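Reproduced below: work04.txt, with compact mmCIF, C-alpha atoms.
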```
# COMPACT_ATOMS: atom_id res chain seq x y z
CA MET A 1 -2.38 139.03 326.01
CA THR A 2 -2.43 137.69 329.55
CA THR A 3 -4.64 138.34 332.54
CA THR A 4 -1.85 140.49 334.00
CA ASP A 5 -2.44 143.06 331.25
CA THR A 6 -5.15 145.15 332.90
CA ALA A 7 -4.37 148.55 331.40
CA PRO A 8 -7.49 150.75 331.37
CA ASP A 9 -6.97 151.45 327.67
CA LEU A 10 -8.14 147.90 326.93
CA VAL A 11 -11.62 148.98 327.92
CA ALA A 12 -11.31 152.24 326.02
CA ARG A 13 -9.98 150.49 322.92
CA HIS A 14 -12.11 147.37 322.68
CA TYR A 15 -15.31 148.06 324.62
CA GLU A 16 -16.24 151.71 324.97
CA PRO A 17 -16.55 152.53 321.26
CA LEU A 18 -19.20 149.81 321.04
CA VAL A 19 -21.32 151.28 323.85
CA ALA A 20 -20.91 154.91 322.79
CA ALA A 21 -24.25 155.01 320.96
CA ALA A 22 -26.18 153.60 323.95
CA ARG A 23 -24.48 156.03 326.31
CA ALA A 24 -25.42 158.90 324.00
CA ARG A 25 -29.04 157.72 323.79
CA PHE A 26 -29.15 157.74 327.58
CA THR A 27 -27.49 161.09 328.29
CA GLU A 28 -29.22 162.88 325.41
CA SER A 29 -32.70 161.57 326.23
CA ALA A 30 -35.45 163.99 327.22
CA VAL A 31 -36.07 162.36 330.58
CA VAL A 32 -32.43 162.39 331.66
CA GLY A 33 -32.24 165.99 330.52
CA ALA A 34 -35.28 166.82 332.62
CA VAL A 35 -34.01 165.21 335.82
CA THR A 36 -30.47 166.59 335.47
CA ALA A 37 -31.30 170.09 334.26
CA GLY A 38 -34.43 170.78 336.28
CA THR A 39 -36.75 171.44 333.35
CA GLY A 40 -39.75 169.92 335.19
CA ASP A 41 -41.76 171.60 337.94
CA ARG A 42 -41.27 170.80 341.62
CA ALA A 43 -44.37 168.64 341.98
CA ARG A 44 -43.44 166.47 339.01
CA MET A 45 -39.87 166.08 340.24
CA ASP A 46 -41.18 165.08 343.66
CA ARG A 47 -43.48 162.48 342.12
CA PHE A 48 -40.66 161.23 339.89
CA LEU A 49 -38.45 160.64 342.93
CA ILE A 50 -41.25 158.78 344.69
CA TRP A 51 -41.91 156.52 341.71
CA TYR A 52 -38.18 156.02 341.13
CA CYS A 53 -37.66 154.78 344.68
CA ALA A 54 -40.88 152.75 344.88
CA LEU A 55 -40.46 150.95 341.56
CA GLY A 56 -36.70 150.80 341.89
CA THR A 57 -37.01 148.30 344.74
CA GLN A 58 -38.01 145.70 342.13
CA MET A 59 -34.76 146.25 340.22
CA THR A 60 -32.54 146.47 343.29
CA ALA A 61 -33.75 143.53 345.39
CA PRO A 62 -32.46 140.84 342.96
CA VAL A 63 -29.05 142.42 342.33
CA GLU A 64 -27.09 140.46 344.94
CA GLY A 65 -28.53 137.21 343.61
CA TRP A 66 -27.97 138.13 339.97
CA ILE A 67 -24.29 138.88 340.52
CA ALA A 68 -23.70 135.74 342.59
CA ARG A 69 -25.53 133.52 340.11
CA ALA A 70 -23.63 135.04 337.18
CA GLY A 71 -20.40 134.44 339.06
CA ARG A 72 -21.23 130.79 339.68
CA ARG A 73 -22.16 130.32 336.01
CA CYS A 74 -18.85 131.88 334.98
CA VAL A 75 -17.00 129.38 337.14
CA GLU A 76 -19.01 126.51 335.65
CA LEU A 77 -18.18 127.62 332.10
CA GLY A 78 -14.48 128.22 332.68
CA TRP A 79 -14.18 131.93 333.53
CA GLU A 80 -13.04 131.06 337.06
CA GLU A 81 -11.25 134.27 337.97
CA LEU A 82 -14.08 136.60 336.94
CA GLY A 83 -16.65 134.24 338.44
CA ALA A 84 -14.93 134.20 341.81
CA ALA A 85 -14.63 138.00 341.77
CA LEU A 86 -18.35 138.38 341.01
CA VAL A 87 -19.35 136.01 343.80
CA ARG A 88 -17.25 137.98 346.28
CA HIS A 89 -18.61 141.26 344.97
CA ALA A 90 -22.26 140.21 345.21
CA ALA A 91 -22.42 140.67 348.98
CA HIS A 92 -21.82 144.40 348.54
CA GLU A 93 -25.32 144.73 347.06
CA ALA A 94 -27.24 143.16 349.93
CA GLY A 95 -30.16 145.12 351.37
CA HIS A 96 -30.06 148.13 349.06
CA ASP A 97 -33.73 147.69 348.18
CA ALA A 98 -34.50 148.41 351.84
CA LEU A 99 -32.95 151.85 351.39
CA MET A 100 -35.22 152.54 348.41
CA ALA A 101 -38.30 151.37 350.31
CA SER A 102 -37.38 153.56 353.26
CA ASP A 103 -36.81 156.53 350.94
CA THR A 104 -40.21 155.90 349.33
CA ARG A 105 -41.96 156.10 352.69
CA ALA A 106 -40.04 159.23 353.70
CA LEU A 107 -40.75 160.99 350.40
CA VAL A 108 -44.44 160.07 350.55
CA THR A 109 -44.70 161.38 354.11
CA ARG A 110 -43.13 164.66 352.96
CA TRP A 111 -45.46 164.81 349.94
CA ASN A 112 -48.59 164.12 351.98
CA ARG A 113 -47.69 166.90 354.40
CA ASP A 114 -47.77 169.52 351.63
CA GLU A 115 -50.09 168.23 348.88
CA ARG A 116 -53.84 167.72 348.76
CA ALA A 117 -53.67 164.51 346.70
CA ALA A 118 -52.33 162.01 349.27
CA LEU A 119 -50.23 159.07 348.17
CA ASP A 120 -50.05 155.58 349.70
CA ALA A 121 -46.47 154.34 350.05
CA ALA A 122 -47.52 150.71 350.50
CA ALA A 123 -49.56 150.81 347.28
CA LEU A 124 -46.68 152.38 345.36
CA LEU A 125 -44.25 149.75 346.61
CA ALA A 126 -46.70 147.04 345.54
CA ALA A 127 -47.17 148.44 342.01
CA PRO A 128 -46.68 145.89 339.19
CA PRO A 129 -43.50 146.03 337.09
CA THR A 130 -43.26 148.50 334.23
CA GLU A 131 -41.87 147.92 330.76
CA GLY A 132 -38.43 149.11 331.82
CA ILE A 133 -38.38 146.88 334.89
CA THR A 134 -39.39 143.87 332.81
CA GLN A 135 -36.66 144.58 330.26
CA TYR A 136 -34.07 144.98 333.01
CA ILE A 137 -35.02 141.76 334.78
CA ASP A 138 -35.18 139.79 331.52
CA LEU A 139 -31.74 141.03 330.49
CA HIS A 140 -30.17 139.77 333.71
CA GLU A 141 -31.91 136.42 333.62
CA GLN A 142 -31.03 135.83 329.97
CA THR A 143 -27.42 136.83 330.54
CA ILE A 144 -27.05 134.47 333.50
CA ALA A 145 -28.70 131.55 331.71
CA GLY A 146 -26.95 132.13 328.39
CA THR A 147 -23.55 131.21 327.05
CA ALA A 148 -21.88 134.47 328.13
CA PRO A 149 -22.65 135.02 331.83
CA TYR A 150 -19.43 137.04 331.96
CA ALA A 151 -21.42 139.87 330.33
CA GLN A 152 -22.88 140.55 333.78
CA ILE A 153 -19.77 142.62 334.46
CA ALA A 154 -20.66 144.96 331.58
CA ILE A 155 -24.19 145.41 332.93
CA GLU A 156 -22.77 146.28 336.34
CA TYR A 157 -20.22 148.64 334.83
CA GLU A 158 -22.73 150.65 332.82
CA ILE A 159 -25.36 150.93 335.55
CA GLU A 160 -23.03 151.64 338.45
CA ARG A 161 -21.07 154.28 336.53
CA LEU A 162 -24.35 156.20 336.20
CA SER A 163 -24.18 156.87 339.94
CA VAL A 164 -20.84 158.57 339.35
CA THR A 165 -21.58 160.38 336.08
CA VAL A 166 -25.28 161.26 336.43
CA GLY A 167 -26.03 160.88 340.14
CA PRO A 168 -24.41 164.14 341.31
CA GLN A 169 -26.27 166.08 338.61
CA VAL A 170 -29.58 164.60 339.74
CA MET A 171 -28.90 165.49 343.37
CA ALA A 172 -27.97 169.06 342.41
CA THR A 173 -31.20 169.38 340.44
CA VAL A 174 -33.26 167.99 343.31
CA ALA A 175 -31.68 170.53 345.66
CA ALA A 176 -32.39 173.39 343.25
CA VAL A 177 -35.94 172.38 342.29
CA CYS A 178 -37.27 170.61 345.38
CA GLY A 179 -35.04 171.83 348.19
CA ALA A 180 -32.24 170.47 350.34
CA ASP A 181 -34.72 168.60 352.54
CA ARG A 182 -35.54 166.30 349.60
CA VAL A 183 -31.85 165.54 349.08
CA ALA A 184 -31.62 164.42 352.70
CA LEU A 185 -34.37 161.86 352.05
CA LEU A 186 -32.60 160.24 349.09
CA THR A 187 -30.37 157.90 351.07
CA PHE A 188 -30.18 155.28 348.30
CA LEU A 189 -28.87 157.76 345.73
CA ASP A 190 -26.54 159.42 348.19
CA HIS A 191 -25.13 156.06 349.28
CA HIS A 192 -24.56 154.88 345.71
CA ILE A 193 -22.87 158.06 344.52
CA GLU A 194 -20.12 157.26 347.01
CA LEU A 195 -20.25 153.45 346.90
CA ASP A 196 -20.37 153.08 343.13
CA ALA A 197 -17.22 155.11 342.61
CA GLY A 198 -15.32 152.14 344.00
CA HIS A 199 -17.57 149.64 342.26
CA THR A 200 -16.94 151.34 338.91
CA VAL A 201 -13.19 150.97 339.41
CA PHE A 202 -13.70 147.28 340.26
CA ASN A 203 -15.94 146.70 337.23
CA ARG A 204 -13.55 148.43 334.84
CA HIS A 205 -10.65 146.43 336.23
CA GLN A 206 -12.53 143.17 335.70
CA LEU A 207 -13.52 144.21 332.17
CA ALA A 208 -9.88 144.97 331.38
CA ARG A 209 -8.73 141.59 332.70
CA LEU A 210 -11.37 139.80 330.65
CA LEU A 211 -10.59 141.75 327.51
CA GLY A 212 -6.88 141.13 328.01
CA ASP A 213 -7.49 137.42 327.52
CA HIS A 214 -10.57 137.62 325.28
CA PRO A 215 -10.70 140.82 323.20
CA ASP A 216 -13.17 139.02 320.95
CA ALA A 217 -15.68 139.16 323.84
CA ALA A 218 -16.03 142.94 323.43
CA PRO A 219 -19.14 142.84 321.16
CA THR A 220 -20.97 140.52 323.57
CA LEU A 221 -20.01 142.66 326.54
CA ALA A 222 -21.05 145.83 324.74
CA ALA A 223 -24.38 144.36 323.69
CA ALA A 224 -25.20 143.58 327.33
CA GLY A 225 -24.00 146.96 328.56
CA SER A 226 -25.99 148.77 325.88
CA ALA A 227 -29.13 146.75 326.63
CA ALA A 228 -28.76 147.61 330.33
CA LEU A 229 -28.61 151.32 329.56
CA ASP A 230 -31.62 151.10 327.25
CA ALA A 231 -33.65 149.20 329.85
CA TYR A 232 -32.69 151.65 332.59
CA LEU A 233 -33.63 154.57 330.37
CA GLN A 234 -37.01 152.95 329.76
CA PHE A 235 -37.43 152.57 333.54
CA LEU A 236 -36.66 156.26 334.10
CA THR A 237 -39.09 157.14 331.32
CA ASP A 238 -41.76 155.01 332.99
CA CYS A 239 -41.20 156.93 336.23
CA TRP A 240 -41.22 160.31 334.50
CA ILE A 241 -44.49 159.51 332.69
CA ALA A 242 -46.04 158.34 335.97
CA ALA A 243 -44.88 161.57 337.59
CA ALA A 244 -47.10 163.54 335.21
CA GLY A 245 -50.03 162.36 337.36
CA THR A 246 -50.61 160.14 340.35
CA GLY A 247 -51.54 156.91 338.59
CA PRO A 248 -49.16 154.02 337.91
CA PRO A 249 -47.14 153.87 334.69
CA SER A 250 -47.78 151.27 332.05
CA VAL A 251 -47.22 147.72 333.24
CA GLY A 252 -44.87 145.37 331.40
CA GLY A 253 -45.12 147.49 328.28
CA ARG A 254 -48.94 147.32 328.27
CA THR A 255 -51.26 150.16 329.22
```

Conversion result in structure tokens:
Amino acid sequence: MTTTDTAPDLVARHYEPLVAAARARFTESAVVGAVTAGTGDRARMDRFLIWYCALGTQMTAPVEGWIARAGRRCVELGWEELGAALVRHAAHEAGHDALMASDTRALVTRWNRDERAALDAAALLAAPPTEGITQYIDLHEQTIAGTAPYAQIAIEYEIERLSVTVGPQVMATVAAVCGADRVALLTFLDHHIELDAGHTVFNRHQLARLLGDHPDAAPTLAAAGSAALDAYLQFLTDCWIAAAGTGPPSVGGRT
């Protein structure tokens, strides 16, 4: 095959069967079911959104750097076309953590107006990393430093497609459980539901080009994509557990 063979069925044939189990673990998990079907109460959903935005800044701030560094490593190791595409793409992720921080402050202000137990946005934003965050960061760093930095594209594909496949369900649940005013405060999620539709097309295109030349890379790509989904699920679980009360979730896998 050549790099001109970018048919989408390359991804469906070589890659997606290998990530099917991880995708099922994610979509069939209790926490994803809760935040997409509205099985939690309003207060817990509100707290979940606050923790998601506050802790999510730690996973969002490094994204631009991760993609650019992975791109440069790809170029160094001979995957020049993918590497150059990743470097160009990295700039699209700049500043998204600022949206999450702003959303955290807005959600906390809304919470403190209605609830007796006041929250401190600055303290939430300064919370230490959870198990899921640690897993997510480690996965990126190991991928970039390892022998297959091209697997960064699979991580991006799996995480950004969640905005398209799961994001609208979450927003609908927030509107039903918490009210339309909460939806208006979720600028990060709203922005990514639209933005990541295009990013998902880009990521799938790059996966197809890579698989066209290197179908044997599919297991490595799928391992990275699956690990990204598992880490992100752990992060959501951390946030959902924290939302049961007002204290921080477990830190780095330790209580």

List as a Markdown table every residue of region 6-119 of chain A that is in contact with region 181-197 of chain A, defined as an atom at most 12 Å from one of its atoms (using all atoms listed in the file), together with the nearest atom pair and the distance in Å rounded to one decimal, sorted by chain and then rising number.
```
| residue | atom | partner | partner_atom | distance |
| --- | --- | --- | --- | --- |
| A:Arg42 | CA | A:Arg182 | CA | 10.8 |
| A:Ala43 | CA | A:Arg182 | CA | 11.9 |
| A:Met45 | CA | A:Arg182 | CA | 10.3 |
| A:Asp46 | CA | A:Arg182 | CA | 8.3 |
| A:Arg47 | CA | A:Arg182 | CA | 11.6 |
| A:Leu49 | CA | A:Leu186 | CA | 8.5 |
| A:Ile50 | CA | A:Leu186 | CA | 9.8 |
| A:Tyr52 | CA | A:Leu189 | CA | 10.5 |
| A:Cys53 | CA | A:Phe188 | CA | 8.3 |
| A:Ala54 | CA | A:Phe188 | CA | 11.5 |
| A:Gly56 | CA | A:Phe188 | CA | 10.2 |
| A:Thr57 | CA | A:Phe188 | CA | 10.4 |
| A:Thr60 | CA | A:Phe188 | CA | 10.4 |
| A:His92 | CA | A:Leu195 | CA | 9.3 |
| A:Glu93 | CA | A:Leu195 | CA | 10.1 |
| A:Gly95 | CA | A:Phe188 | CA | 10.6 |
| A:His96 | CA | A:Phe188 | CA | 7.2 |
| A:Asp97 | CA | A:Phe188 | CA | 8.4 |
| A:Ala98 | CA | A:Phe188 | CA | 8.9 |
| A:Leu99 | CA | A:Phe188 | CA | 5.4 |
| A:Met100 | CA | A:Phe188 | CA | 5.7 |
| A:Ala101 | CA | A:Phe188 | CA | 9.2 |
| A:Ser102 | CA | A:Thr187 | CA | 8.5 |
| A:Asp103 | CA | A:Leu186 | CA | 5.9 |
| A:Thr104 | CA | A:Leu186 | CA | 8.8 |
| A:Arg105 | CA | A:Leu185 | CA | 9.5 |
| A:Ala106 | CA | A:Leu185 | CA | 6.5 |
| A:Leu107 | CA | A:Leu185 | CA | 6.6 |
| A:Val108 | CA | A:Leu185 | CA | 10.3 |
| A:Thr109 | CA | A:Leu185 | CA | 10.5 |
| A:Arg110 | CA | A:Arg182 | CA | 8.5 |
| A:Trp111 | CA | A:Arg182 | CA | 10.0 |
```

**Request:** Give me the residues within 12 Å of Ala21 (chain A) as a ChimeraX atom specification, counting all atoms listed in the file and dropping any in the same chain fewer than 4 places off.
**Result:** /A:15-17,25-29,222-223,225-227,229-230

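Interatomic distance, CA of Thr200 (chain A) against CA of Tyr157 (chain A): 5.9 Å.
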
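Comparing the minimum interatomic distances between Phe48 (chain A) and each of A:His214, A:Glu80, A:Ala61, A:Ala34, counting only C-alpha atoms, we find that A:Ala34 sits nearest.
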
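The gap separating CA of Leu236 (chain A) from CA of Thr173 (chain A) is 15.6 Å, in Å to one decimal.
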
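Of note, CA of Leu86 (chain A) and CA of Thr130 (chain A) are spaced 27.7 Å apart.
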
**Item:** Residues near Phe235 (chain A), cut-off 10 Å, only C-alpha atoms, skip fewer than 5 positions along chain, as a PyMOL selection string
**Value:** chain A and resi 52+55-56+59+129-136+229-230+240-241+249

**Prompt:** Counting all atoms listed in the file, what is within 12 Å of Gln206 (chain A), bar same-chain residues fewer than 2 positions away, as a ChimeraX atom specification?
**Reply:** /A:3-8,10-11,79,81-86,89,150-154,156-157,199-204,208-214,221
